[in-house]
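Engineer: Pasting target.cif here (mmCIF, C-alpha atoms):
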```
data_coords
loop_
_atom_site.label_atom_id
_atom_site.label_comp_id
_atom_site.auth_asym_id
_atom_site.auth_seq_id
_atom_site.Cartn_x
_atom_site.Cartn_y
_atom_site.Cartn_z
CA MET A 14 -25.75 32.56 -2.77
CA ALA A 15 -26.87 29.00 -2.07
CA ARG A 16 -24.35 27.66 -4.56
CA ARG A 17 -21.51 29.63 -2.97
CA LEU A 18 -22.56 28.43 0.48
CA SER A 19 -22.62 24.82 -0.66
CA MET A 20 -19.16 25.19 -2.21
CA HIS A 21 -17.75 26.67 1.00
CA THR A 22 -19.35 23.88 3.00
CA LEU A 23 -17.85 21.26 0.71
CA ILE A 24 -14.41 22.86 1.01
CA TRP A 25 -14.66 22.88 4.81
CA VAL A 26 -15.71 19.23 4.86
CA ILE A 27 -12.82 18.21 2.62
CA GLY A 28 -10.43 20.30 4.71
CA LEU A 29 -11.59 18.63 7.92
CA LEU A 30 -11.20 15.19 6.36
CA ILE A 31 -7.60 16.06 5.50
CA VAL A 32 -6.59 17.98 8.62
CA GLY A 33 -8.55 15.81 11.07
CA PRO A 34 -6.28 12.72 10.90
CA VAL A 35 -3.18 14.92 11.20
CA LEU A 36 -4.51 16.63 14.33
CA TYR A 37 -5.56 13.26 15.73
CA GLY A 38 -2.05 11.92 15.26
CA VAL A 39 -0.44 14.99 16.86
CA LEU A 40 -2.70 14.92 19.93
CA SER A 41 -2.51 11.14 20.28
CA GLY A 42 1.27 11.38 20.44
CA PHE A 43 0.89 13.28 23.72
CA LYS A 44 -1.19 10.51 25.30
CA THR A 45 -0.46 7.11 26.72
CA THR A 46 -1.62 3.97 24.95
CA PRO A 47 -4.26 3.15 27.62
CA GLU A 48 -5.64 6.66 27.33
CA LEU A 49 -6.06 6.19 23.58
CA SER A 50 -8.61 3.47 24.35
CA SER A 51 -10.47 5.40 27.05
CA ASN A 52 -10.22 8.84 25.45
CA PRO A 53 -9.55 8.41 21.72
CA PHE A 54 -10.75 11.80 20.42
CA GLY A 55 -10.52 14.19 23.35
CA PRO A 56 -7.47 16.25 24.35
CA PRO A 57 -4.88 14.52 26.53
CA GLN A 58 -5.68 14.47 30.23
CA GLU A 59 -1.95 14.68 30.91
CA TRP A 60 0.40 15.85 28.18
CA ILE A 61 3.08 13.18 27.77
CA THR A 62 5.94 14.91 25.97
CA ARG A 63 8.44 12.06 26.31
CA ASN A 64 6.89 10.29 23.30
CA TYR A 65 8.26 13.12 21.16
CA THR A 66 11.38 14.07 23.10
CA ASP A 67 12.67 10.50 23.23
CA LEU A 68 12.30 10.20 19.46
CA LEU A 69 13.96 13.57 18.84
CA ALA A 70 16.87 12.45 21.01
CA SER A 71 17.22 9.24 18.99
CA GLY A 72 19.98 9.10 16.43
CA ASP A 73 17.99 6.67 14.27
CA PHE A 74 15.30 9.24 13.51
CA TRP A 75 17.77 11.94 12.47
CA ARG A 76 19.74 9.48 10.36
CA GLN A 77 16.59 8.41 8.52
CA LEU A 78 15.63 12.06 8.09
CA SER A 79 19.02 12.90 6.56
CA ASN A 80 18.87 9.81 4.33
CA SER A 81 15.48 10.80 2.98
CA THR A 82 16.68 14.37 2.42
CA VAL A 83 19.84 13.36 0.56
CA ILE A 84 18.03 10.85 -1.63
CA ALA A 85 15.15 13.22 -2.39
CA VAL A 86 17.40 16.16 -3.31
CA ALA A 87 19.71 13.99 -5.43
CA THR A 88 16.71 12.44 -7.21
CA ALA A 89 15.23 15.86 -7.94
CA LEU A 90 18.51 17.26 -9.29
CA LEU A 91 19.09 14.28 -11.56
CA THR A 92 15.47 14.15 -12.75
CA VAL A 93 15.21 17.86 -13.51
CA ALA A 94 18.63 18.06 -15.21
CA ALA A 95 18.00 15.11 -17.53
CA SER A 96 14.38 16.07 -18.19
CA ALA A 97 15.23 19.71 -18.97
CA ALA A 98 17.76 18.65 -21.60
CA ALA A 99 15.36 16.10 -23.12
CA ALA A 100 12.42 18.52 -23.05
CA PHE A 101 14.51 21.16 -24.83
CA VAL A 102 15.30 18.70 -27.60
CA PHE A 103 11.66 17.64 -27.95
CA ALA A 104 10.37 21.23 -27.85
CA ARG A 105 12.88 23.27 -29.88
CA LEU A 106 14.74 20.91 -32.22
CA ALA A 107 13.16 19.34 -35.28
CA PHE A 108 14.32 15.87 -36.29
CA ARG A 109 12.79 12.74 -37.76
CA GLY A 110 11.05 10.55 -35.20
CA ARG A 111 10.81 13.27 -32.57
CA GLU A 112 7.11 12.77 -31.84
CA LEU A 113 7.49 8.99 -31.79
CA LEU A 114 10.31 9.22 -29.27
CA PHE A 115 8.34 11.68 -27.16
CA THR A 116 5.36 9.29 -27.24
CA LEU A 117 7.58 6.52 -25.91
CA PHE A 118 8.50 8.72 -22.96
CA ALA A 119 4.83 9.59 -22.42
CA ILE A 120 3.92 5.89 -22.38
CA GLY A 121 6.11 5.66 -19.30
CA LEU A 122 3.28 7.33 -17.37
CA MET A 123 1.22 4.19 -17.84
CA PHE A 124 4.03 1.84 -16.76
CA PRO A 125 3.47 0.89 -13.09
CA PHE A 126 6.49 0.59 -10.87
CA ALA A 127 5.35 -2.75 -9.44
CA VAL A 128 5.61 -4.39 -12.87
CA ALA A 129 9.32 -3.61 -13.07
CA ILE A 130 10.22 -4.59 -9.54
CA LEU A 131 11.65 -8.04 -10.32
CA PRO A 132 13.86 -7.09 -13.30
CA LEU A 133 14.84 -3.89 -11.47
CA TYR A 134 15.97 -5.87 -8.44
CA VAL A 135 18.01 -8.23 -10.62
CA LEU A 136 19.56 -5.26 -12.42
CA LEU A 137 20.47 -3.49 -9.18
CA ARG A 138 21.99 -6.68 -7.79
CA THR A 139 24.01 -7.20 -10.96
CA PHE A 140 25.50 -3.70 -10.76
CA GLY A 141 26.09 -3.94 -7.01
CA LEU A 142 23.65 -1.16 -6.13
CA LEU A 143 21.84 -2.92 -3.30
CA ASP A 144 22.39 -1.16 0.04
CA ASN A 145 23.57 1.79 -2.03
CA PRO A 146 21.68 5.11 -2.25
CA LEU A 147 22.25 5.13 -6.01
CA GLY A 148 20.06 2.03 -6.15
CA VAL A 149 17.15 4.24 -5.10
CA ILE A 150 18.15 7.53 -6.71
CA LEU A 151 18.66 6.24 -10.25
CA PRO A 152 15.37 4.27 -10.56
CA GLN A 153 13.39 7.10 -8.97
CA ALA A 154 14.89 9.56 -11.44
CA ALA A 155 14.13 7.21 -14.34
CA PHE A 156 10.49 6.80 -13.32
CA GLY A 157 10.19 10.55 -12.81
CA LEU A 158 11.35 11.41 -16.34
CA PRO A 159 8.02 11.04 -18.21
CA VAL A 160 5.92 13.51 -16.22
CA THR A 161 8.82 15.95 -15.85
CA ILE A 162 9.59 15.95 -19.57
CA ILE A 163 5.92 16.49 -20.42
CA VAL A 164 5.62 19.48 -18.07
CA LEU A 165 8.88 21.12 -19.17
CA ARG A 166 8.23 20.54 -22.86
CA GLY A 167 5.02 22.55 -22.61
CA PHE A 168 6.88 25.47 -21.09
CA PHE A 169 9.74 25.34 -23.58
CA ARG A 170 7.37 25.23 -26.54
CA ALA A 171 5.57 28.32 -25.24
CA ILE A 172 8.70 30.46 -25.65
CA PRO A 173 8.29 32.47 -28.89
CA GLY A 174 10.48 31.44 -31.79
CA GLU A 175 11.36 35.07 -32.44
CA MET A 176 13.28 35.12 -29.18
CA GLU A 177 15.39 32.18 -30.29
CA GLU A 178 16.04 33.82 -33.65
CA ALA A 179 17.13 37.04 -31.93
CA ALA A 180 19.48 35.07 -29.70
CA ARG A 181 20.92 33.28 -32.72
CA ILE A 182 21.55 36.62 -34.47
CA ASP A 183 23.43 37.79 -31.38
CA GLY A 184 25.69 34.75 -31.65
CA CYS A 185 23.97 32.53 -29.10
CA GLY A 186 23.98 28.86 -30.07
CA PRO A 187 21.38 26.25 -29.11
CA PHE A 188 23.08 25.42 -25.81
CA GLY A 189 23.54 29.08 -24.98
CA PHE A 190 19.88 29.78 -25.68
CA PHE A 191 18.91 26.83 -23.51
CA TRP A 192 21.20 27.77 -20.61
CA ARG A 193 21.00 31.58 -20.62
CA ILE A 194 17.45 32.25 -21.78
CA LEU A 195 15.22 29.19 -21.68
CA LEU A 196 16.05 27.90 -18.20
CA PRO A 197 15.72 31.28 -16.44
CA MET A 198 12.36 31.85 -18.13
CA ALA A 199 11.18 28.38 -17.10
CA ARG A 200 11.89 28.80 -13.40
CA PRO A 201 8.21 28.29 -12.43
CA ALA A 202 8.17 24.99 -14.30
CA LEU A 203 11.52 23.92 -12.85
CA ALA A 204 10.27 24.72 -9.34
CA THR A 205 7.09 22.73 -9.97
CA VAL A 206 8.80 19.57 -11.19
CA SER A 207 11.45 19.85 -8.47
CA VAL A 208 8.78 19.92 -5.77
CA LEU A 209 7.00 16.96 -7.36
CA ALA A 210 10.23 14.97 -7.57
CA ILE A 211 11.19 15.68 -3.95
CA VAL A 212 7.75 14.85 -2.56
CA THR A 213 7.52 11.65 -4.63
CA SER A 214 10.96 10.52 -3.47
CA TRP A 215 10.22 11.41 0.15
CA ASN A 216 7.04 9.32 0.16
CA ASN A 217 8.55 6.35 -1.67
CA PHE A 218 8.44 3.26 0.51
CA PHE A 219 8.62 0.20 -1.71
CA LEU A 220 11.92 0.91 -3.48
CA PRO A 221 13.97 1.81 -0.36
CA LEU A 222 12.51 -1.23 1.38
CA LEU A 223 13.67 -3.39 -1.53
CA VAL A 224 17.14 -1.87 -1.85
CA PHE A 225 18.20 -1.21 1.74
CA ASN A 226 18.76 -4.16 4.05
CA GLU A 227 21.12 -2.31 6.37
CA PRO A 228 19.51 0.20 8.78
CA ASP A 229 22.20 2.79 8.02
CA TRP A 230 20.41 3.84 4.81
CA TRP A 231 16.78 3.43 5.86
CA THR A 232 14.57 6.35 4.86
CA ILE A 233 11.71 7.83 6.86
CA PRO A 234 8.93 5.61 5.36
CA VAL A 235 10.99 2.45 5.97
CA GLY A 236 11.84 3.68 9.45
CA VAL A 237 8.16 4.17 10.25
CA GLN A 238 7.39 0.61 9.15
CA GLN A 239 10.25 -0.84 11.19
CA PHE A 240 9.41 1.28 14.23
CA LYS A 241 5.80 0.13 14.05
CA GLY A 242 6.93 -3.49 14.08
CA GLU A 243 9.25 -2.98 17.05
CA HIS A 244 6.72 -1.03 19.16
CA SER A 245 3.46 -2.64 18.08
CA SER A 246 2.07 -2.50 21.63
CA ASP A 247 2.81 1.21 22.14
CA THR A 248 0.32 2.90 19.82
CA ALA A 249 0.83 6.40 21.23
CA ARG A 250 4.57 6.23 20.59
CA ILE A 251 3.95 5.02 17.05
CA LEU A 252 1.61 7.95 16.38
CA ALA A 253 4.25 10.33 17.72
CA TYR A 254 6.80 8.82 15.34
CA VAL A 255 4.40 9.10 12.40
CA THR A 256 3.72 12.75 13.29
CA LEU A 257 7.42 13.58 13.39
CA ALA A 258 7.90 11.73 10.10
CA MET A 259 5.17 13.82 8.47
CA ALA A 260 6.41 17.16 9.80
CA PRO A 261 9.33 17.74 7.36
CA ALA A 262 7.19 16.92 4.31
CA LEU A 263 4.35 19.16 5.50
CA ALA A 264 6.76 22.00 6.25
CA PHE A 265 8.42 21.66 2.85
CA TYR A 266 5.09 21.61 1.05
CA ALA A 267 3.89 24.67 2.98
CA VAL A 268 6.97 26.58 1.80
CA ALA A 269 6.92 25.24 -1.78
CA GLU A 270 3.14 25.34 -2.31
CA ARG A 271 3.22 28.77 -3.98
CA HIS A 272 5.87 27.63 -6.46
CA LEU A 273 4.00 24.39 -7.17
CA ILE A 274 0.60 26.01 -7.76
CA GLY A 275 2.14 28.97 -9.61
CA GLY A 276 4.09 26.68 -11.93
CA LEU A 277 1.07 24.52 -12.73
CA THR A 278 -1.12 27.60 -13.32
CA ALA A 279 1.48 29.21 -15.56
CA GLY A 280 1.82 25.98 -17.50
CA ALA A 281 -1.92 25.80 -18.03
CA THR A 282 -2.01 29.41 -19.18
CA LYS A 283 0.94 29.12 -21.55
CA GLY A 284 0.13 25.67 -22.84
#
```
Please rewrite the model in this file as structure tokens.
Structural biologist:
Amino acid sequence: MARRLSMHTLIWVIGLLIVGPVLYGVLSGFKTTPELSSNPFGPPQEWITRNYTDLLASGDFWRQLSNSTVIAVATALLTVAASAAAAFVFARLAFRGRELLFTLFAIGLMFPFAVAILPLYVLLRTFGLLDNPLGVILPQAAFGLPVTIIVLRGFFRAIPGEMEEAARIDGCGPFGFFWRILLPMARPALATVSVLAIVTSWNNFFLPLLVFNEPDWWTIPVGVQQFKGEHSSDTARILAYVTLAMAPALAFYAVAERHLIGGLTAGATKG
């Protein structure tokens, strides 16, 4: 009983540490900047809605939101498509050097993005991909390949070989088995890696900041940084902007949480 009580207490404490800053940002967005100094933690004395309504009426916010959405979805599609094909090869086809090649992909998990920033910038400039969404989508997809391949390979290897043999007897080739049988059975894993790819792309700040000089392609994280610089004296307005910037990601995660947790749990069970 005491152990269960302590676990519940720990969970509540962790939950408050996570939810507390979010609630603080939401409530602070309804205050004025002077009130933040005199009443930092209490509810607003007068609910100032214009901090939110002015931002929602701004075309810059919606443009940054659409930019982040397009880049995140494109990154996820490219990452999952390439990783699924590679994971199928590593999981179901036997060839010399397979494990060595897979190890090279796995080493990519230990390769920090910051190390590659200079050669990546030179490469993007050479190919004319600066101020181009492909300059963000392609590198993000490349850096997302290692973890996605590792997750999908575990699912693909868990499919019994007898099922592949039965499909081959029925005249289904390797690609047919991959497309018609393997991918539908791996939907939990595909949902998991898709959610991870979208969330990672949505939160990426450094690469869009490096690639995009023109405001037309700024994403939400870059927009938050620029907005903070322009309105450094209006803290309440900044907190309102940060809250609105968080809302789409929180809403998406709330919807996709079941697929993410279910996919990871199924992978642990099958692996």
Engineer: Which distance in Å separates CA of Thr46 in chain A and CA of Trp75 in chain A, to one decimal?
Structural biologist: 24.4 Å
Engineer: With all atoms listed in the file as the basis for distance, which of A:Val235, A:Leu142, A:Ala260, A:Leu209 is at the shortest distance from Gly38 in chain A?
Structural biologist: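 Answer, going by the shortest atom-to-atom distance: A:Ala260.
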Engineer: Give, as JSON, the centre coordinates and the x, y and z edge lengths in Å to one decimal for an axis-aligned box around all listed atoms of range 200-219 of chain A, padded by 4 Å on each side.
Structural biologist:
```
{"center_x": 9.4, "center_y": 14.5, "center_z": -6.9, "size_x": 12.9, "size_y": 36.6, "size_z": 22.8}
```
Engineer: How would you write, as an NGL selection string, the residues chosen by the PyMOL selection byres ((chain A and resi 106) around 12) on this structure?
Structural biologist: :A and (98-105 or 107-112 or 166 or 169-170 or 174 or 177 or 187-188 or 191)
Engineer: Please evaluate the PyMOL selection byres ((chain A and resi 93) around 10) against the structure above and give the resulting residues as JSON, numbers by chain.
Structural biologist: {"A": [88, 89, 90, 91, 92, 94, 95, 96, 97, 98, 99, 100, 154, 157, 158, 161, 162, 165, 203, 204, 206, 207, 210]}
Engineer: Written as a list of chain:residue names, what is the full residue list that the PyMOL selection byres ((chain A and resi 41) around 8) yields on the file shown?
Structural biologist: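 So the PyMOL selection byres ((chain A and resi 41) around 8), applied here, picks out A:Tyr37, A:Gly38, A:Val39, A:Leu40, A:Gly42, A:Phe43, A:Lys44, A:Thr45, A:Leu49, A:Pro53, A:Pro57, A:Ala249, A:Leu252, A:Ala253.
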Engineer: Quote the spacing between CA of Gly167 in chain A and CA of Phe118 in chain A in Å to one decimal place.
Structural biologist: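 Spanning CA of Gly167 in chain A to CA of Phe118 in chain A is a straight-line distance of 14.3 Å.
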Engineer: Figure out the distance between CA of Gly236 in chain A and CA of Phe74 in chain A, please, to one decimal in Å.
Structural biologist: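 CA of Phe74 in chain A sits 7.7 Å away from CA of Gly236 in chain A.
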Engineer: Leaving out Phe219 in chain A and any residue of its chain fewer than 3 positions from it, which residues lie within 9 Å of it when counting all atoms listed in the file, given as a list in words?
Structural biologist: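 Here the qualifying residues turn out to be Ala127, Leu222, Leu223, Val224, Pro234 and Val235 of chain A.
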Engineer: Which residues are close to Val160 in chain A, i.e. within 8 Å by only C-alpha atoms, leaving aside same-chain residues fewer than 3 positions away? Reply as a list in words.
Structural biologist: Ala119, Leu122, Gly157, Ile163 and Val164 of chain A
Engineer: Just checking: using only C-alpha atoms, which residue out of A:Gln238, A:Ser71, A:Pro221, A:Val26 ends up closest to Leu147 in chain A?
Structural biologist: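 For Leu147 in chain A, the nearest of the given residues is A:Pro221.
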